[in-house]
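*Asks:* The structure under discussion is supplied below as structure tokens; questions concerning it will follow.
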Amino acid sequence: MTDNRNVILAIVLSMLVLFGWQYFVAGPQLEQAQRQAEIAAAQQAGADTTLATPATPGQAAVPAAPGAVQGFETREAALAASQRVTIDTEDLEGSINLTGARIDDLRLKQYRETVDPDSPIITLLTPQGLPNAYFAEEGWVAASGSGIAVPDAQTVWTVEGGNATLTAATPVTLAWDNGAGLVFRRTISVDEHYLFTVEQTIENTGAGDIALYPYARVIRHNTPQVQNFFIQHEGPHGVLGSNNLVSKKYTDLQNDRQATFENTTGWLGFSDKYWATAVLPPAGTALNARMSWNNAAGFDDYQTSYVETTPVVIPAGGTASRESYLFAGAKEEAVISAYEDQYGFDRLNLLIDWGWFWYLTQPMYYLLTFLYSIVGNFGLAVLAVTVIVKAIFFPLANRSYASMAAMRRVQPEMKAIQERFKDDRAAQQQAMMELYRKEKINPLSGCWPLLIQIPVFFSLYTVIFISLDMRHAPFFGWIRDLAAPDPTNIFTLFGLIPWDPTVVPVLGSFLHLGIWPVIMGITMWVQMRLNPPPPDPTQAMIFNWMPVIFTFMLGTFPAGLVIYWAWNNTLSIAQQWFIMKRHGAEVNLFGNIMDSFRRKPKPAQPTKS
């Protein structure tokens with residue numbers, strides 16, 4: 001009976017840890033937002049004029065509300081409303097708007113919305129004037145009161161050199177003359193993946209030196225739909241020097257209106273589950289950063305922006321330039337790590353939210369991808385990981401199951417002690433402990449095989465949930481996406497009944513139960529039948545219902561995780577049976593299963609005298 005109690009205790013502890021983690025730890029990181037005044041007065045920069053405080057990007061040239069200026073019914077209409085430069089690479093397609101020189105039209109060629117190969121490719125950036133506009137801007141901010149005309153959101157740029165198509169091999173150069181002695185040029189290039197390099201050059205044909213501040217920002221209109229799940233952040237975030245990782249929910253910004261970070265370094269932008277857009281100055285650049293929200297135009301306007309704190313001085317008769325970067329694409333771990341190494345971007349790998357337990361999730365990810373390179377299927381890689389984990393923890397499991405087998409052998413003595421001291425609980429416990437010491441039994445050993453699964457389960461769950469590699473990764477048969485729940489459902493007789501039970505009020509979330517969750521539940525039930533059912537009715541009820549509870553609980557989990565759990569249960573059954581038989585314990589699995597279906601006799605009623 002004690003080993004059954006241990007199994008139940010281990011399961012209960014597992015559930016407490018899983019749900020306790022979600023409730024107490026996985027909430028948003030609480031950051032005390034520092035309120036910033038304007039940027040400190042700039043130093044004399046070689047010119048005969050003292051440079052005043054520049055306006056930050058969040059205060060200057062905020063795009064007007066789409067409906068207030070021009071709303072478009074379709075994406076095609078928005079794209080046709082202005083002249084554009086085409087973007088065409090192996091991974092990207094889209095265009096740059098010559099009005100404002102914005103990168104506001106971008107789609108990811110290698111990724112589709114669903115597992116259907118004919119479904120639309122992923123749209124990342126969207127022009128202003130559409131409901132969910134999402135775009136990036138780079139430019140210059142003049143010192144306050146200087147009166148220097150700089151390009152803004154309405155500036156119409158021209159293409160120099162005749163090249164109107166941006167490819168990985170051919171950059172494009174845009175130009176604009178302010179009519180007052182300054183010619184602005186913007187050379188945009190892109191690599192074979194998702195990194196844009198923007199070199200901004202200013203030619204000064206006037207008589208005096210000019211000082212301007214480079215800035216960049218990402219703008220997002222309206223609140224996107226997010227999964228709002230505790231293990232992954234979706235929303236504004238960045239790495240900002242000593243502030244480290246700064247992550248804000250959209251609701252955080254709505255409440256705070258803005259968060260400013262003064263005299264820092266790093267990068268910032270917006271992160272979705274699998275995609276991200278971020279502006280990045282050269283590594284180590286001093287800047288002031290801001291995350292902000294406003295609803296002045298009648299819609300949610302989110303911005304992440306930075307302005308460099310050191311001005312660029314353009315001498316009279318000379319030129320000056322400044323380089324910056326834009327990441328806009330898929331959160332591919334290998335690509336992001338390569339950018340971090342090549343350009344020195346500060347902790348750019350945190351574009352992927354590895355979570356608080358990154359020291360578990362990242363090794364798990366690398367192990368999975370390594371095994372995938374060998375077996376060619378992420379589902380098989382998950383099965384191989386399970387075998388490896390079982391092998392690593394085999395010594396611990398061996399001692400645990402051996403102790404359980406020893407406990408099974410001394411069951412008659414334990415029952416004798418319970419009968420002898422049935423009216424003295426203290427003496428009974430003392431006699432039990434003496435028996436444990438004599439037989440070298442650890443009464444809690446049965447917990448370990450289940451408890452050691454918790455960190456493995458959590459790290460694998462995180463990897464399957466957040467990893468782009470697992471998105472739309474097939475297994476076999478009907479499992480075409482390991483990161484999505486099993487698409488079958490026993491409540492529709494696997495598609496024979498044309499209705500959606502998940503829309504049922506209150507109970508709908510429990511009415512999606514596919515084949516793999518059922519297999520997992522069966523293997524869990526069989527594993528628990530390795531031990532006889534406990535005589536205590538309450539314990540027996542928990543013993544019987546726990547597999548059912550876990551089956552429904554995992555019904556909406558990613559299929560890859562359910563497959564892992566089912567396979568892990570199967571290996572545990574074989575492992576426990578083998579170890580306990582080797583240590584002389586009787587394992588009557590078939591008999592225990594049959595006993596579960598037999599009607600229990602009612603207890604005899606006392607006869608009346």
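Naming works like this for the structure tokens: A, B, ... for the chains as they're shown, residue 1 at the start of each chain, ligands 1 onward in shown order.
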List the neighbours of Asp301 in chain A out to 8 Å using only C-alpha atoms; skip same-chain residues closer than 4 positions along the sequence, and give me the result as a PyMOL selection string.

*Replies:* chain A and resi 219-222+293-295

*Asks:* Range 286-481 of chain A: which residues are strand (DSSP E or B) by DSSP, as JSON, numbers by chain?

*Replies:* {"A": [287, 288, 289, 290, 291, 292, 293, 294, 301, 302, 303, 304, 305, 306, 307, 308, 312, 313, 314, 319, 320, 321, 322, 323, 324, 325, 326, 327, 328, 329, 330]}

*Asks:* Can you write out the residues you just picked, keeping N, CA and C atoms, as a tab-separated table (two decimals), in the first residue's frame?

*Replies:*
chain	number	residue	atom	x	y	z
A	287	LEU	N	22.46	54.99	-26.22
A	287	LEU	CA	21.16	55.42	-26.72
A	287	LEU	C	20.18	55.60	-25.57
A	288	ASN	N	19.09	56.27	-25.88
A	288	ASN	CA	17.93	56.32	-25.00
A	288	ASN	C	16.81	55.54	-25.69
A	289	ALA	N	16.18	54.63	-24.97
A	289	ALA	CA	15.17	53.75	-25.55
A	289	ALA	C	13.82	54.01	-24.92
A	290	ARG	N	12.79	53.69	-25.67
A	290	ARG	CA	11.44	53.91	-25.16
A	290	ARG	C	10.49	52.87	-25.74
A	291	MET	N	9.59	52.39	-24.89
A	291	MET	CA	8.43	51.60	-25.31
A	291	MET	C	7.21	52.42	-24.93
A	292	SER	N	6.30	52.62	-25.88
A	292	SER	CA	5.19	53.52	-25.60
A	292	SER	C	3.90	53.05	-26.24
A	293	TRP	N	2.80	53.63	-25.75
A	293	TRP	CA	1.46	53.37	-26.27
A	293	TRP	C	0.64	54.64	-26.19
A	294	ASN	N	-0.18	54.88	-27.20
A	294	ASN	CA	-1.18	55.94	-27.10
A	294	ASN	C	-2.39	55.57	-27.93
A	301	ASP	N	-1.72	52.47	-30.61
A	301	ASP	CA	-0.48	52.73	-31.34
A	301	ASP	C	0.68	52.39	-30.42
A	302	TYR	N	1.37	51.28	-30.72
A	302	TYR	CA	2.51	50.83	-29.93
A	302	TYR	C	3.80	51.18	-30.68
A	303	GLN	N	4.79	51.62	-29.93
A	303	GLN	CA	6.07	51.93	-30.53
A	303	GLN	C	7.21	51.46	-29.63
A	304	THR	N	8.24	50.94	-30.25
A	304	THR	CA	9.51	50.71	-29.57
A	304	THR	C	10.55	51.50	-30.36
A	305	SER	N	11.30	52.35	-29.69
A	305	SER	CA	12.18	53.27	-30.42
A	305	SER	C	13.44	53.55	-29.63
A	306	TYR	N	14.45	54.02	-30.34
A	306	TYR	CA	15.64	54.51	-29.67
A	306	TYR	C	16.15	55.74	-30.43
A	307	VAL	N	16.86	56.61	-29.73
A	307	VAL	CA	17.59	57.72	-30.33
A	307	VAL	C	18.99	57.70	-29.74
A	308	GLU	N	19.99	57.80	-30.59
A	308	GLU	CA	21.37	57.78	-30.11
A	308	GLU	C	21.64	59.06	-29.33
A	312	VAL	N	25.61	62.96	-34.73
A	312	VAL	CA	26.51	62.83	-35.87
A	312	VAL	C	26.71	64.24	-36.43
A	313	VAL	N	27.95	64.67	-36.54
A	313	VAL	CA	28.26	66.02	-37.02
A	313	VAL	C	28.66	65.95	-38.49
A	314	ILE	N	27.95	66.74	-39.30
A	314	ILE	CA	28.24	66.80	-40.73
A	314	ILE	C	28.93	68.13	-41.00
A	319	THR	N	30.61	65.15	-45.69
A	319	THR	CA	29.56	64.15	-45.50
A	319	THR	C	29.81	63.38	-44.21
A	320	ALA	N	28.77	62.75	-43.73
A	320	ALA	CA	28.87	61.86	-42.56
A	320	ALA	C	27.80	60.78	-42.72
A	321	SER	N	28.06	59.66	-42.10
A	321	SER	CA	27.11	58.55	-42.24
A	321	SER	C	26.99	57.80	-40.92
A	322	ARG	N	25.93	57.04	-40.82
A	322	ARG	CA	25.68	56.22	-39.65
A	322	ARG	C	24.96	54.96	-40.09
A	323	GLU	N	25.35	53.82	-39.52
A	323	GLU	CA	24.79	52.53	-39.91
A	323	GLU	C	23.94	51.98	-38.78
A	324	SER	N	22.86	51.33	-39.16
A	324	SER	CA	22.01	50.66	-38.18
A	324	SER	C	21.42	49.42	-38.84
A	325	TYR	N	20.66	48.65	-38.04
A	325	TYR	CA	20.19	47.36	-38.53
A	325	TYR	C	18.72	47.15	-38.16
A	326	LEU	N	18.08	46.31	-38.95
A	326	LEU	CA	16.70	45.91	-38.69
A	326	LEU	C	16.60	44.41	-38.86
A	327	PHE	N	16.17	43.73	-37.80
A	327	PHE	CA	15.84	42.30	-37.91
A	327	PHE	C	14.35	42.19	-38.11
A	328	ALA	N	13.94	41.51	-39.17
A	328	ALA	CA	12.52	41.31	-39.44
A	328	ALA	C	12.37	39.93	-40.07
A	329	GLY	N	11.93	38.96	-39.26
A	329	GLY	CA	11.80	37.63	-39.82
A	329	GLY	C	11.48	36.58	-38.79
A	330	ALA	N	11.83	35.35	-39.13
A	330	ALA	CA	11.53	34.19	-38.30
A	330	ALA	C	12.59	34.04	-37.21

*Asks:* Hey, what does DSSP flag as alpha helix (DSSP H) within range 43-289 of chain A? Can you give it to me as a list in words?

*Replies:*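 Filtering range 43-289 of chain A down to alpha helix (DSSP H) leaves Pro66, Gly67, Ala68, Val69, Arg75, Glu76, Ala77, Ala78, Leu79, Ala80, Tyr250, Thr251, Asp252, Leu253, Gln254, Asn255 and Asp256 of chain A.
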
*Asks:* Could you turn the residues from that selection into a file that holds C-alpha atoms, as a PDB file, in the first residue's frame?

*Replies:*
ATOM      1  CA  PRO A  66      -5.135  55.091 -40.796  1.00  0.00           C
ATOM      2  CA  GLY A  67      -8.781  56.165 -40.846  1.00  0.00           C
ATOM      3  CA  ALA A  68      -7.925  59.808 -40.235  1.00  0.00           C
ATOM      4  CA  VAL A  69      -5.678  60.123 -43.299  1.00  0.00           C
ATOM      5  CA  ARG A  75      -3.564  45.248 -48.881  1.00  0.00           C
ATOM      6  CA  GLU A  76      -3.269  45.545 -52.628  1.00  0.00           C
ATOM      7  CA  ALA A  77      -4.853  49.006 -52.546  1.00  0.00           C
ATOM      8  CA  ALA A  78      -2.454  50.139 -49.811  1.00  0.00           C
ATOM      9  CA  LEU A  79       0.549  48.940 -51.785  1.00  0.00           C
ATOM     10  CA  ALA A  80      -0.658  50.599 -54.983  1.00  0.00           C
ATOM     11  CA  TYR A 250       0.654  45.038 -24.506  1.00  0.00           C
ATOM     12  CA  THR A 251      -1.583  45.568 -21.497  1.00  0.00           C
ATOM     13  CA  ASP A 252       1.460  46.722 -19.502  1.00  0.00           C
ATOM     14  CA  LEU A 253       2.037  49.538 -21.969  1.00  0.00           C
ATOM     15  CA  GLN A 254      -1.633  50.446 -22.005  1.00  0.00           C
ATOM     16  CA  ASN A 255      -1.458  50.885 -18.230  1.00  0.00           C
ATOM     17  CA  ASP A 256       1.940  52.596 -18.065  1.00  0.00           C
TER      18      ASP A 256
END

*Asks:* Hey, which of A:Gln227, A:Ser119, A:Gln128, A:Asn97 ends up closest to Gln83 in chain A? Count only C-alpha atoms.

*Replies:*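 Smallest distance to Gln83 in chain A is found for A:Asn97.
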
*Asks:* Out of A:Asn349, A:Gln429, A:Thr74, A:Thr187, which residue has the shortest atom-to-atom distance to Gln362 in chain A when counting only C-alpha atoms?

*Replies:* A:Asn349

*Asks:* At a cut-off of 10 Å, using only C-alpha atoms, what residues contact Leu240 in chain A? Leave out same-chain residues fewer than 3 positions from it and give the result as a PyMOL selection string.

*Replies:* chain A and resi 237+243-246+261-268+287-289+346-347

*Asks:* Ile336 in chain A: which residues within 10 Å, counting only C-alpha atoms, same-chain residues fewer than 3 positions away excluded, as a list in words?

*Replies:*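 These residues fall inside the cut-off: His193, Tyr194, Leu195, Phe327, Ala330, Lys331, Glu332, Glu333, Tyr339, Glu340, Asp341, Gln342, Phe345, Arg347, Leu348, Asn349, Leu350, Leu351 and Ile352 of chain A.
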
*Asks:* Identify, on the basis of only C-alpha atoms, every residue whose closest approach to range 470-476 of chain A does not exceed 7 Å; exclude the query and any residue fewer than 6 positions from it along the same chain; express the result as JSON, numbers by chain.

*Replies:* {"A": [115, 377, 378, 379, 464, 482, 483]}

*Asks:* With all heavy atoms retained, write the just-selected residues as a PDB file, in the first residue's frame.

*Replies:*
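Below is the file again.pdb, written as the result:
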ATOM      1  N   VAL A 115      -0.493  23.928 -42.155  1.00  0.00           N
ATOM      2  CA  VAL A 115       0.283  22.815 -42.708  1.00  0.00           C
ATOM      3  C   VAL A 115      -0.061  22.551 -44.165  1.00  0.00           C
ATOM      4  O   VAL A 115       0.660  21.814 -44.842  1.00  0.00           O
ATOM      5  CB  VAL A 115       0.050  21.524 -41.879  1.00  0.00           C
ATOM      6  CG1 VAL A 115       0.616  21.670 -40.487  1.00  0.00           C
ATOM      7  CG2 VAL A 115      -1.438  21.171 -41.827  1.00  0.00           C
ATOM      8  N   ASN A 377      13.277  13.150 -38.370  1.00  0.00           N
ATOM      9  CA  ASN A 377      11.881  13.338 -37.964  1.00  0.00           C
ATOM     10  C   ASN A 377      11.881  13.784 -36.506  1.00  0.00           C
ATOM     11  O   ASN A 377      12.461  13.110 -35.645  1.00  0.00           O
ATOM     12  CB  ASN A 377      11.090  12.035 -38.138  1.00  0.00           C
ATOM     13  CG  ASN A 377       9.625  12.199 -37.791  1.00  0.00           C
ATOM     14  OD1 ASN A 377       9.248  12.354 -36.629  1.00  0.00           O
ATOM     15  ND2 ASN A 377       8.771  12.139 -38.807  1.00  0.00           N
ATOM     16  N   PHE A 378      11.236  14.934 -36.225  1.00  0.00           N
ATOM     17  CA  PHE A 378      11.258  15.450 -34.865  1.00  0.00           C
ATOM     18  C   PHE A 378      10.483  14.550 -33.902  1.00  0.00           C
ATOM     19  O   PHE A 378      10.792  14.488 -32.715  1.00  0.00           O
ATOM     20  CB  PHE A 378      10.699  16.877 -34.822  1.00  0.00           C
ATOM     21  CG  PHE A 378      11.748  17.928 -35.023  1.00  0.00           C
ATOM     22  CD1 PHE A 378      11.801  18.669 -36.183  1.00  0.00           C
ATOM     23  CD2 PHE A 378      12.698  18.161 -34.048  1.00  0.00           C
ATOM     24  CE1 PHE A 378      12.771  19.634 -36.378  1.00  0.00           C
ATOM     25  CE2 PHE A 378      13.687  19.125 -34.224  1.00  0.00           C
ATOM     26  CZ  PHE A 378      13.720  19.863 -35.401  1.00  0.00           C
ATOM     27  N   GLY A 379       9.460  13.848 -34.393  1.00  0.00           N
ATOM     28  CA  GLY A 379       8.746  12.907 -33.538  1.00  0.00           C
ATOM     29  C   GLY A 379       9.655  11.781 -33.086  1.00  0.00           C
ATOM     30  O   GLY A 379       9.678  11.410 -31.898  1.00  0.00           O
ATOM     31  N   ILE A 464       9.001  22.412 -27.418  1.00  0.00           N
ATOM     32  CA  ILE A 464       7.964  22.112 -28.411  1.00  0.00           C
ATOM     33  C   ILE A 464       7.062  23.320 -28.619  1.00  0.00           C
ATOM     34  O   ILE A 464       6.646  23.620 -29.738  1.00  0.00           O
ATOM     35  CB  ILE A 464       7.147  20.886 -27.969  1.00  0.00           C
ATOM     36  CG1 ILE A 464       8.018  19.621 -28.031  1.00  0.00           C
ATOM     37  CG2 ILE A 464       5.905  20.710 -28.834  1.00  0.00           C
ATOM     38  CD1 ILE A 464       7.335  18.383 -27.491  1.00  0.00           C
ATOM     39  N   LEU A 482       3.633  18.641 -34.777  1.00  0.00           N
ATOM     40  CA  LEU A 482       3.929  18.218 -33.402  1.00  0.00           C
ATOM     41  C   LEU A 482       3.714  19.340 -32.392  1.00  0.00           C
ATOM     42  O   LEU A 482       3.558  19.074 -31.198  1.00  0.00           O
ATOM     43  CB  LEU A 482       5.373  17.720 -33.313  1.00  0.00           C
ATOM     44  CG  LEU A 482       5.652  16.356 -33.956  1.00  0.00           C
ATOM     45  CD1 LEU A 482       7.149  16.135 -34.092  1.00  0.00           C
ATOM     46  CD2 LEU A 482       5.015  15.229 -33.149  1.00  0.00           C
ATOM     47  N   ALA A 483       3.696  20.592 -32.846  1.00  0.00           N
ATOM     48  CA  ALA A 483       3.497  21.717 -31.934  1.00  0.00           C
ATOM     49  C   ALA A 483       2.027  22.030 -31.709  1.00  0.00           C
ATOM     50  O   ALA A 483       1.704  22.908 -30.906  1.00  0.00           O
ATOM     51  CB  ALA A 483       4.210  22.957 -32.471  1.00  0.00           C
TER      52      ALA A 483
END

*Asks:* Residues of range 409-515 of chain A that approach range 554-560 of chain A to 8 Å or less, counting only C-alpha atoms: could you list each one with the shortest pair of atoms and its distance in Å to one decimal, rows by chain and increasing residue number, as JSON lines?

*Replies:*
{"residue": "A:Ile464", "atom": "CA", "partner": "A:Gly560", "partner_atom": "CA", "distance": 6.9}
{"residue": "A:Phe465", "atom": "CA", "partner": "A:Pro558", "partner_atom": "CA", "distance": 7.2}
{"residue": "A:Ile479", "atom": "CA", "partner": "A:Ala559", "partner_atom": "CA", "distance": 7.4}
{"residue": "A:Asp481", "atom": "CA", "partner": "A:Ala559", "partner_atom": "CA", "distance": 7.5}
{"residue": "A:Leu482", "atom": "CA", "partner": "A:Gly560", "partner_atom": "CA", "distance": 4.6}
{"residue": "A:Ala483", "atom": "CA", "partner": "A:Pro558", "partner_atom": "CA", "distance": 4.8}
{"residue": "A:Ala484", "atom": "CA", "partner": "A:Pro558", "partner_atom": "CA", "distance": 4.6}
{"residue": "A:Pro485", "atom": "CA", "partner": "A:Pro558", "partner_atom": "CA", "distance": 4.4}
{"residue": "A:Asp486", "atom": "CA", "partner": "A:Ala559", "partner_atom": "CA", "distance": 5.2}
{"residue": "A:Phe510", "atom": "CA", "partner": "A:Gly555", "partner_atom": "CA", "distance": 7.6}
{"residue": "A:His512", "atom": "CA", "partner": "A:Gly555", "partner_atom": "CA", "distance": 6.2}
{"residue": "A:Leu513", "atom": "CA", "partner": "A:Gly555", "partner_atom": "CA", "distance": 5.0}
{"residue": "A:Gly514", "atom": "CA", "partner": "A:Gly555", "partner_atom": "CA", "distance": 6.6}

*Asks:* Could you save the residues just selected, with all heavy atoms, as an mmCIF file, in the first residue's frame?

*Replies:*
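Below you can see out-v2.cif, which holds the result:
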data_model
loop_
_atom_site.group_PDB
_atom_site.id
_atom_site.type_symbol
_atom_site.label_atom_id
_atom_site.label_comp_id
_atom_site.auth_asym_id
_atom_site.auth_seq_id
_atom_site.Cartn_x
_atom_site.Cartn_y
_atom_site.Cartn_z
ATOM 1 N N ILE A 464 9.001 22.412 -27.418
ATOM 2 C CA ILE A 464 7.964 22.112 -28.411
ATOM 3 C C ILE A 464 7.062 23.320 -28.619
ATOM 4 O O ILE A 464 6.646 23.620 -29.738
ATOM 5 C CB ILE A 464 7.147 20.886 -27.969
ATOM 6 C CG1 ILE A 464 8.018 19.621 -28.031
ATOM 7 C CG2 ILE A 464 5.905 20.710 -28.834
ATOM 8 C CD1 ILE A 464 7.335 18.383 -27.491
ATOM 9 N N PHE A 465 6.792 24.064 -27.549
ATOM 10 C CA PHE A 465 5.865 25.185 -27.641
ATOM 11 C C PHE A 465 6.479 26.379 -28.358
ATOM 12 O O PHE A 465 5.818 27.029 -29.172
ATOM 13 C CB PHE A 465 5.416 25.600 -26.242
ATOM 14 C CG PHE A 465 4.289 26.603 -26.244
ATOM 15 C CD1 PHE A 465 2.972 26.185 -26.348
ATOM 16 C CD2 PHE A 465 4.560 27.954 -26.140
ATOM 17 C CE1 PHE A 465 1.938 27.109 -26.358
ATOM 18 C CE2 PHE A 465 3.530 28.888 -26.150
ATOM 19 C CZ PHE A 465 2.215 28.459 -26.258
ATOM 20 N N ILE A 479 -0.685 12.952 -37.436
ATOM 21 C CA ILE A 479 0.036 14.020 -36.746
ATOM 22 C C ILE A 479 0.915 14.748 -37.767
ATOM 23 O O ILE A 479 2.001 14.287 -38.126
ATOM 24 C CB ILE A 479 0.886 13.479 -35.582
ATOM 25 C CG1 ILE A 479 0.006 12.727 -34.582
ATOM 26 C CG2 ILE A 479 1.628 14.620 -34.891
ATOM 27 C CD1 ILE A 479 -1.052 13.591 -33.916
ATOM 28 N N ASP A 481 1.586 18.150 -37.292
ATOM 29 C CA ASP A 481 2.182 19.293 -36.614
ATOM 30 C C ASP A 481 2.383 18.924 -35.143
ATOM 31 O O ASP A 481 1.429 18.895 -34.365
ATOM 32 C CB ASP A 481 1.275 20.521 -36.740
ATOM 33 C CG ASP A 481 1.906 21.777 -36.148
ATOM 34 O OD1 ASP A 481 3.012 21.676 -35.585
ATOM 35 O OD2 ASP A 481 1.285 22.852 -36.243
ATOM 36 N N LEU A 482 3.633 18.641 -34.777
ATOM 37 C CA LEU A 482 3.929 18.218 -33.402
ATOM 38 C C LEU A 482 3.714 19.340 -32.392
ATOM 39 O O LEU A 482 3.558 19.074 -31.198
ATOM 40 C CB LEU A 482 5.373 17.720 -33.313
ATOM 41 C CG LEU A 482 5.652 16.356 -33.956
ATOM 42 C CD1 LEU A 482 7.149 16.135 -34.092
ATOM 43 C CD2 LEU A 482 5.015 15.229 -33.149
ATOM 44 N N ALA A 483 3.696 20.592 -32.846
ATOM 45 C CA ALA A 483 3.497 21.717 -31.934
ATOM 46 C C ALA A 483 2.027 22.030 -31.709
ATOM 47 O O ALA A 483 1.704 22.908 -30.906
ATOM 48 C CB ALA A 483 4.210 22.957 -32.471
ATOM 49 N N ALA A 484 1.134 21.334 -32.380
ATOM 50 C CA ALA A 484 -0.310 21.545 -32.233
ATOM 51 C C ALA A 484 -0.935 20.322 -31.567
ATOM 52 O O ALA A 484 -0.362 19.223 -31.592
ATOM 53 C CB ALA A 484 -0.952 21.781 -33.599
ATOM 54 N N PRO A 485 -2.111 20.467 -30.963
ATOM 55 C CA PRO A 485 -2.774 19.305 -30.358
ATOM 56 C C PRO A 485 -3.128 18.254 -31.412
ATOM 57 O O PRO A 485 -3.253 18.558 -32.607
ATOM 58 C CB PRO A 485 -4.043 19.910 -29.733
ATOM 59 C CG PRO A 485 -3.746 21.355 -29.560
ATOM 60 C CD PRO A 485 -2.842 21.726 -30.695
ATOM 61 N N ASP A 486 -3.276 17.036 -30.954
ATOM 62 C CA ASP A 486 -3.755 15.953 -31.813
ATOM 63 C C ASP A 486 -5.063 16.403 -32.469
ATOM 64 O O ASP A 486 -6.027 16.754 -31.786
ATOM 65 C CB ASP A 486 -3.986 14.701 -30.960
ATOM 66 C CG ASP A 486 -4.307 13.469 -31.792
ATOM 67 O OD1 ASP A 486 -4.988 13.596 -32.822
ATOM 68 O OD2 ASP A 486 -3.897 12.364 -31.388
ATOM 69 N N PHE A 510 -12.772 20.959 -22.490
ATOM 70 C CA PHE A 510 -12.456 19.581 -22.105
ATOM 71 C C PHE A 510 -12.928 18.561 -23.146
ATOM 72 O O PHE A 510 -12.722 17.370 -22.964
ATOM 73 C CB PHE A 510 -13.111 19.244 -20.766
ATOM 74 C CG PHE A 510 -12.653 20.108 -19.635
ATOM 75 C CD1 PHE A 510 -13.421 21.171 -19.195
ATOM 76 C CD2 PHE A 510 -11.441 19.870 -19.004
ATOM 77 C CE1 PHE A 510 -13.008 21.964 -18.147
ATOM 78 C CE2 PHE A 510 -11.008 20.663 -17.964
ATOM 79 C CZ PHE A 510 -11.795 21.718 -17.532
ATOM 80 N N HIS A 512 -12.050 18.151 -26.301
ATOM 81 C CA HIS A 512 -11.148 17.825 -27.409
ATOM 82 C C HIS A 512 -10.171 16.773 -26.899
ATOM 83 O O HIS A 512 -9.308 17.063 -26.079
ATOM 84 C CB HIS A 512 -10.380 19.048 -27.911
ATOM 85 C CG HIS A 512 -9.482 18.712 -29.077
ATOM 86 N ND1 HIS A 512 -9.908 18.828 -30.388
ATOM 87 C CD2 HIS A 512 -8.215 18.233 -29.130
ATOM 88 C CE1 HIS A 512 -8.931 18.446 -31.197
ATOM 89 N NE2 HIS A 512 -7.900 18.079 -30.451
ATOM 90 N N LEU A 513 -10.351 15.573 -27.368
ATOM 91 C CA LEU A 513 -9.554 14.450 -26.865
ATOM 92 C C LEU A 513 -9.194 13.567 -28.048
ATOM 93 O O LEU A 513 -10.034 12.827 -28.565
ATOM 94 C CB LEU A 513 -10.351 13.675 -25.811
ATOM 95 C CG LEU A 513 -9.556 12.728 -24.918
ATOM 96 C CD1 LEU A 513 -8.507 13.504 -24.138
ATOM 97 C CD2 LEU A 513 -10.479 11.998 -23.973
ATOM 98 N N GLY A 514 -7.934 13.672 -28.464
ATOM 99 C CA GLY A 514 -7.490 12.917 -29.628
ATOM 100 C C GLY A 514 -7.004 11.525 -29.286
ATOM 101 O O GLY A 514 -7.006 11.080 -28.130
#

*Asks:* Pick the closest to Asp272 in chain A from A:Ala133, A:Ile121, A:Leu468, A:Val526: which is it, counting only C-alpha atoms?

*Replies:*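 For Asp272 in chain A, the nearest of the candidates is A:Leu468.
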
*Asks:* Go ahead and compute the interatomic distance for CA of Ala427 in chain A and CA of Ile542 in chain A, in Å to one decimal.

*Replies:*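 That distance, rounded to one decimal, is 28.1 Å.
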
*Asks:* Show which residues sit within 9 Å of Arg186 in chain A, as a list in words. Count only C-alpha atoms, and ignore same-chain residues fewer than 5 positions away.

*Replies:*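 Here the qualifying residues turn out to be Ala101, Val172, Thr173, Leu174, Ala175, Trp176, Val198, Glu199, Gln200, Thr201 and Ile202 of chain A.
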
*Asks:* Would you list the contacts of Gly317 in chain A as a ChimeraX atom specification, taking every protein, DNA or RNA residue within 9 Å and counting only C-alpha atoms, but skipping same-chain residues closer than 6 positions in sequence?

*Replies:* /A:203-209
